[in-house]
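**Q** Below is the structure I would like to discuss, written out as structure tokens.
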Amino acid sequence: MGLSLELAQISKAYNGQVILRDCSWVFETGLSHVLMGPNGTGKSTLLRICALLEAPDRGRVNYLADGRPLPLDLDLKRRITLLLPGVGVFNTSVFNNVAYGLKIRGINRKEIQAKVDATLEAVGLVEKKRQRALDLSTGQSKRLGLARAMVLEPEVIFLDEPTASIDQANTEIIEDIIMNLKAEKKATIIMVTHDPAQAERLGDRLLLIKDGKLWPG
Ligand SMILES: Nc1ncnc2c1ncn2[C@@H]1O[C@H](COP(=O)(O)OP(=O)(O)OP(=O)(O)O)[C@@H](O)[C@H]1O
Ligand SMILES: [Mg+2]
């Protein structure tokens, strides 16, 4: 049984302005959840709170394994990943960008090689692996960002507008990668998009954010 995520009455305000109001939700394990809503309604804020990068003012983010709540510690944080819309790449090779997260986890060289190669293959960047990451196109950089997240094999992956400012061909590639993450890695996906057609294609479950509340889409 995988990791499951529940929000219990999350509230968040910035400078006295309420952004999230008593939001509760159960994200079903192994499914893809697509969150939509107008600019500035709190989608990215909600993802940061879910990914434990920011604390809510009130309420709780509960991660459960076998029905039991887990402590919100480093072990748990290593099982989840948030991919931001503007992926910052490190000024080194494509390979090293993907290997970095594994290196800091102390994984051995041989295993790093194998995992990075497999991941670059999955995102269609294997022939670019010796190239400087800063020389990649925008679409390729997005795929590199996905590769950096995927190589860590997160059980829950948050994607904030993964195809914003990407052409159709790269969008299709990225959508395929996301669908594979769910099908093969059994990851739970929680993503934000402004494209209703994409939400229909990718989402097992659709959510809307409006007036600081979450609604079924
Ligand atoms: N760290 C912060 N400090 C102050 N205000 C913030 C902070 N983060 C977000 N906000 C404000 O909270 C509101 C929600 O922002 P958020 O980025 O979550 O919206 P969003 O739904 O992701 O919008 P978009 O579709 O434009 O990405 C905005 O008014 C934003 O200015
Ligand atoms: Mg946003």
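Ordering of the structure tokens sets the chain letters (A, B, ...), residue numbers begin anew at 1 in every chain, and ligands are numbered from 1 in the order given.
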Using only C-alpha atoms and all ligand atoms, what are the residues with an atom within 8 Å of ligand 2, set out as a PDB file with all heavy atoms, in the first residue's frame?
**A**
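Result file follows (result.pdb):
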```
ATOM      1  N   ASN A  39      -5.763  32.634 -12.361  1.00  0.00           N
ATOM      2  CA  ASN A  39      -4.501  33.140 -11.819  1.00  0.00           C
ATOM      3  C   ASN A  39      -4.721  33.708 -10.424  1.00  0.00           C
ATOM      4  O   ASN A  39      -5.711  34.386 -10.168  1.00  0.00           O
ATOM      5  CB  ASN A  39      -3.926  34.275 -12.697  1.00  0.00           C
ATOM      6  CG  ASN A  39      -3.446  33.780 -14.054  1.00  0.00           C
ATOM      7  OD1 ASN A  39      -3.772  34.357 -15.082  1.00  0.00           O
ATOM      8  ND2 ASN A  39      -2.671  32.721 -14.080  1.00  0.00           N
ATOM      9  N   GLY A  40      -3.780  33.417  -9.554  1.00  0.00           N
ATOM     10  CA  GLY A  40      -3.788  34.048  -8.235  1.00  0.00           C
ATOM     11  C   GLY A  40      -4.771  33.458  -7.242  1.00  0.00           C
ATOM     12  O   GLY A  40      -5.014  34.034  -6.181  1.00  0.00           O
ATOM     13  N   GLY A  42      -4.412  30.503  -5.713  1.00  0.00           N
ATOM     14  CA  GLY A  42      -3.775  29.713  -4.652  1.00  0.00           C
ATOM     15  C   GLY A  42      -3.346  28.315  -5.031  1.00  0.00           C
ATOM     16  O   GLY A  42      -3.016  27.508  -4.159  1.00  0.00           O
ATOM     17  N   LYS A  43      -3.293  28.032  -6.331  1.00  0.00           N
ATOM     18  CA  LYS A  43      -2.918  26.677  -6.769  1.00  0.00           C
ATOM     19  C   LYS A  43      -1.473  26.346  -6.388  1.00  0.00           C
ATOM     20  O   LYS A  43      -1.190  25.292  -5.822  1.00  0.00           O
ATOM     21  CB  LYS A  43      -3.105  26.541  -8.294  1.00  0.00           C
ATOM     22  CG  LYS A  43      -4.530  26.793  -8.746  1.00  0.00           C
ATOM     23  CD  LYS A  43      -4.687  26.707 -10.268  1.00  0.00           C
ATOM     24  CE  LYS A  43      -3.844  27.720 -11.042  1.00  0.00           C
ATOM     25  NZ  LYS A  43      -4.192  29.135 -10.755  1.00  0.00           N
ATOM     26  N   SER A  44      -0.562  27.268  -6.729  1.00  0.00           N
ATOM     27  CA  SER A  44       0.852  27.017  -6.398  1.00  0.00           C
ATOM     28  C   SER A  44       1.047  26.997  -4.889  1.00  0.00           C
ATOM     29  O   SER A  44       1.840  26.191  -4.376  1.00  0.00           O
ATOM     30  CB  SER A  44       1.741  28.094  -7.033  1.00  0.00           C
ATOM     31  OG  SER A  44       1.636  28.029  -8.440  1.00  0.00           O
ATOM     32  N   THR A  45       0.330  27.853  -4.193  1.00  0.00           N
ATOM     33  CA  THR A  45       0.411  27.867  -2.724  1.00  0.00           C
ATOM     34  C   THR A  45      -0.023  26.516  -2.164  1.00  0.00           C
ATOM     35  O   THR A  45       0.650  25.947  -1.295  1.00  0.00           O
ATOM     36  CB  THR A  45      -0.503  28.991  -2.164  1.00  0.00           C
ATOM     37  OG1 THR A  45      -0.068  30.236  -2.719  1.00  0.00           O
ATOM     38  CG2 THR A  45      -0.466  29.041  -0.652  1.00  0.00           C
ATOM     39  N   ASP A 160       3.680  21.720 -11.132  1.00  0.00           N
ATOM     40  CA  ASP A 160       3.037  23.026 -11.263  1.00  0.00           C
ATOM     41  C   ASP A 160       3.188  23.502 -12.709  1.00  0.00           C
ATOM     42  O   ASP A 160       4.276  23.901 -13.119  1.00  0.00           O
ATOM     43  CB  ASP A 160       3.673  24.026 -10.282  1.00  0.00           C
ATOM     44  CG  ASP A 160       2.784  25.237 -10.043  1.00  0.00           C
ATOM     45  OD1 ASP A 160       1.783  25.414 -10.780  1.00  0.00           O
ATOM     46  OD2 ASP A 160       3.084  26.016  -9.112  1.00  0.00           O
ATOM     47  N   GLU A 161       2.116  23.425 -13.467  1.00  0.00           N
ATOM     48  CA  GLU A 161       2.082  23.825 -14.878  1.00  0.00           C
ATOM     49  C   GLU A 161       3.260  23.237 -15.674  1.00  0.00           C
ATOM     50  O   GLU A 161       4.094  23.969 -16.207  1.00  0.00           O
ATOM     51  CB  GLU A 161       2.055  25.353 -14.984  1.00  0.00           C
ATOM     52  CG  GLU A 161       0.858  25.945 -14.230  1.00  0.00           C
ATOM     53  CD  GLU A 161       0.635  27.417 -14.549  1.00  0.00           C
ATOM     54  OE1 GLU A 161       0.894  27.815 -15.696  1.00  0.00           O
ATOM     55  OE2 GLU A 161       0.204  28.155 -13.653  1.00  0.00           O
ATOM     56  N   VAL A 192      -1.083  21.024 -11.694  1.00  0.00           N
ATOM     57  CA  VAL A 192      -1.837  22.239 -12.017  1.00  0.00           C
ATOM     58  C   VAL A 192      -1.718  22.488 -13.507  1.00  0.00           C
ATOM     59  O   VAL A 192      -0.640  22.344 -14.085  1.00  0.00           O
ATOM     60  CB  VAL A 192      -1.247  23.456 -11.255  1.00  0.00           C
ATOM     61  CG1 VAL A 192      -1.894  24.755 -11.736  1.00  0.00           C
ATOM     62  CG2 VAL A 192      -1.429  23.297  -9.751  1.00  0.00           C
TER      63      VAL A 192
END
```
**Q** Excluding same-chain residues fewer than 2 positions from A:Ser32, what lies within 8 Å of it counting only C-alpha atoms, as a count of residues only?
**A** 11
**Q** Applying 9 Å and only C-alpha atoms, which residues near A:Gln113 remain after dropping the ones on its own chain fewer than 4 positions away? List them as a list in words.
**A**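 Skipping anything fewer than 4 positions along the chain leaves Phe95, Ala99, Asn108, Arg109, Asp117 and Ala118 of chain A.
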**Q** Using DSSP secondary structure from the backbone, list all alpha helix (DSSP H) positions within stretch 1-92 of chain A, as a PyMOL selection string.
**A** chain A and resi 43-50+74-77
**Q** Can you write just those residues out, C-alpha atoms, as a PDB file, in the first residue's frame?
**A**
```
ATOM      1  CA  LYS A  43      -2.918  26.677  -6.769  1.00  0.00           C
ATOM      2  CA  SER A  44       0.852  27.017  -6.398  1.00  0.00           C
ATOM      3  CA  THR A  45       0.411  27.867  -2.724  1.00  0.00           C
ATOM      4  CA  LEU A  46      -1.597  24.695  -2.237  1.00  0.00           C
ATOM      5  CA  LEU A  47       1.068  22.597  -3.975  1.00  0.00           C
ATOM      6  CA  ARG A  48       3.834  24.097  -1.816  1.00  0.00           C
ATOM      7  CA  ILE A  49       1.831  23.333   1.319  1.00  0.00           C
ATOM      8  CA  CYS A  50       1.080  19.765   0.162  1.00  0.00           C
ATOM      9  CA  LEU A  74      13.083  14.165   6.000  1.00  0.00           C
ATOM     10  CA  ASP A  75      12.311  10.493   5.323  1.00  0.00           C
ATOM     11  CA  LEU A  76       8.846  11.481   4.182  1.00  0.00           C
ATOM     12  CA  LYS A  77      10.087  14.501   2.226  1.00  0.00           C
TER      13      LYS A  77
END
```
**Q** Figure out the distance between atom CA of A:Gln131 and atom CA of A:Leu82, please, to one decimal in Å.
**A**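 About the pair atom CA of A:Leu82 and atom CA of A:Gln131: they are 24.9 Å apart.
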**Q** Just checking: using only C-alpha atoms and all ligand atoms, which residue out of A:Gly106, A:Gly217, A:Gly59, A:Gly212 ends up closest to ligand 1?
**A** A:Gly212
**Q** Which residues are close to stretch 167-171 of chain A, i.e. within 9 Å by only C-alpha atoms, leaving aside same-chain residues fewer than 6 positions away? Reply as a VMD selection string.
**A** chain A and resid 139 to 140 142 to 143
**Q** Can you write out the residues you just picked, keeping N, CA and C atoms, as a CSV table (one decimal), in the first residue's frame?
**A**
```
chain,number,residue,atom,x,y,z
A,139,GLY,N,11.7,23.4,-24.1
A,139,GLY,CA,11.0,22.1,-23.9
A,139,GLY,C,11.9,21.0,-23.4
A,140,GLN,N,13.1,21.0,-23.8
A,140,GLN,CA,14.1,20.0,-23.3
A,140,GLN,C,14.4,20.3,-21.8
A,142,LYS,N,12.4,21.5,-19.7
A,142,LYS,CA,11.2,21.0,-18.9
A,142,LYS,C,11.4,19.5,-18.7
A,143,ARG,N,11.8,18.8,-19.8
A,143,ARG,CA,11.9,17.4,-19.7
A,143,ARG,C,13.1,17.0,-18.7
```
**Q** As number ranges by chain, please: every residue in stretch 25-190 of chain A that DSSP puts in strand (DSSP E).
**A** A: 25-27, 32-36, 58-65, 68-69, 80-83, 156-160, 188-190
**Q** How would the residues just picked look written out with N, CA and C atoms as a compact mmCIF listing (two decimals), in the first residue's frame?
**A**
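Output below, filename out17.txt:
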```txt
# COMPACT_ATOMS: atom_id res chain seq x y z
N TRP A 25 -9.29 17.65 1.61
CA TRP A 25 -9.34 16.82 0.40
C TRP A 25 -8.65 15.50 0.67
N VAL A 26 -9.13 14.45 0.02
CA VAL A 26 -8.43 13.17 0.06
C VAL A 26 -7.93 12.88 -1.35
N PHE A 27 -6.62 12.78 -1.51
CA PHE A 27 -6.03 12.45 -2.81
C PHE A 27 -5.85 10.94 -2.87
N SER A 32 -4.18 10.31 -10.80
CA SER A 32 -3.73 11.65 -11.16
C SER A 32 -4.85 12.65 -10.86
N HIS A 33 -4.45 13.72 -10.21
CA HIS A 33 -5.40 14.76 -9.78
C HIS A 33 -4.97 16.05 -10.46
N VAL A 34 -5.90 16.68 -11.18
CA VAL A 34 -5.54 17.91 -11.88
C VAL A 34 -6.31 19.07 -11.25
N LEU A 35 -5.55 20.09 -10.84
CA LEU A 35 -6.10 21.26 -10.17
C LEU A 35 -6.13 22.43 -11.14
N MET A 36 -7.30 23.05 -11.25
CA MET A 36 -7.45 24.20 -12.14
C MET A 36 -8.05 25.37 -11.38
N ARG A 58 -3.42 27.23 9.43
CA ARG A 58 -4.22 26.30 10.24
C ARG A 58 -4.45 25.03 9.43
N GLY A 59 -4.81 23.96 10.12
CA GLY A 59 -5.10 22.70 9.45
C GLY A 59 -3.86 21.83 9.34
N ARG A 60 -4.05 20.66 8.75
CA ARG A 60 -2.93 19.70 8.68
C ARG A 60 -2.82 19.04 7.32
N VAL A 61 -1.59 18.78 6.95
CA VAL A 61 -1.32 17.93 5.79
C VAL A 61 -0.98 16.57 6.38
N ASN A 62 -1.77 15.57 6.04
CA ASN A 62 -1.53 14.22 6.57
C ASN A 62 -1.06 13.28 5.48
N TYR A 63 0.11 12.73 5.67
CA TYR A 63 0.57 11.63 4.82
C TYR A 63 0.40 10.35 5.62
N LEU A 64 -0.21 9.36 4.97
CA LEU A 64 -0.48 8.11 5.67
C LEU A 64 0.10 6.92 4.91
N ALA A 65 0.61 5.96 5.65
CA ALA A 65 1.01 4.68 5.08
C ALA A 65 0.25 3.61 5.86
N ARG A 68 -1.87 4.87 8.64
CA ARG A 68 -1.28 5.55 9.80
C ARG A 68 -0.57 6.84 9.39
N PRO A 69 -0.82 7.94 10.10
CA PRO A 69 -0.14 9.18 9.76
C PRO A 69 1.36 9.11 10.03
N ILE A 80 8.43 12.42 -1.71
CA ILE A 80 7.57 13.31 -2.48
C ILE A 80 8.43 14.35 -3.20
N THR A 81 7.92 14.87 -4.31
CA THR A 81 8.69 15.88 -5.07
C THR A 81 7.76 16.90 -5.69
N LEU A 82 8.17 18.16 -5.64
CA LEU A 82 7.45 19.22 -6.34
C LEU A 82 8.30 19.73 -7.49
N LEU A 83 7.71 19.75 -8.67
CA LEU A 83 8.40 20.33 -9.82
C LEU A 83 7.77 21.69 -10.12
N VAL A 156 4.76 10.44 -4.51
CA VAL A 156 3.79 11.50 -4.81
C VAL A 156 4.56 12.59 -5.54
N ILE A 157 4.07 12.98 -6.70
CA ILE A 157 4.76 14.00 -7.48
C ILE A 157 3.80 15.16 -7.79
N PHE A 158 4.26 16.36 -7.46
CA PHE A 158 3.48 17.58 -7.68
C PHE A 158 4.08 18.30 -8.88
N LEU A 159 3.24 18.64 -9.83
CA LEU A 159 3.72 19.30 -11.06
C LEU A 159 2.96 20.61 -11.22
N ASP A 160 3.68 21.72 -11.13
CA ASP A 160 3.04 23.03 -11.26
C ASP A 160 3.19 23.50 -12.71
N THR A 188 1.47 8.79 -7.36
CA THR A 188 0.29 9.65 -7.26
C THR A 188 0.69 11.00 -7.84
N ILE A 189 -0.12 11.49 -8.78
CA ILE A 189 0.21 12.75 -9.47
C ILE A 189 -0.77 13.83 -9.02
N ILE A 190 -0.22 14.99 -8.68
CA ILE A 190 -1.08 16.14 -8.38
C ILE A 190 -0.52 17.30 -9.18
```
**Q** Measuring between only C-alpha atoms and all ligand atoms, which one of A:Leu3, A:Ala8, A:Leu144, A:Leu84 shows the shortest distance to ligand 1?
**A**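 Of A:Leu3, A:Ala8, A:Leu144, A:Leu84, the one nearest ligand 1, counting only C-alpha atoms and all ligand atoms, is A:Leu84.
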**Q** Provide the atom 26 (O, counted along the ligand's line) of ligand 1 to atom CA of A:Pro38 distance in Å, to one decimal place.
**A**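 Separation of atom 26 (O, counted along the ligand's line) of ligand 1 and atom CA of A:Pro38: 7.0 Å.
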**Q** Give the answer as one residue: which of A:Thr193, A:Ser11, A:Asn96, A:Ser4 has the shortest atom-to-atom distance to ligand 1, using only C-alpha atoms and all ligand atoms?
**A** A:Thr193
**Q** Quick one: distance from atom CA of A:Leu207 to atom 5 (N, counted along the ligand's line) of ligand 1 in Å, one decimal?
**A**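 Atom 5 (N, counted along the ligand's line) of ligand 1 lies 22.2 Å from atom CA of A:Leu207.
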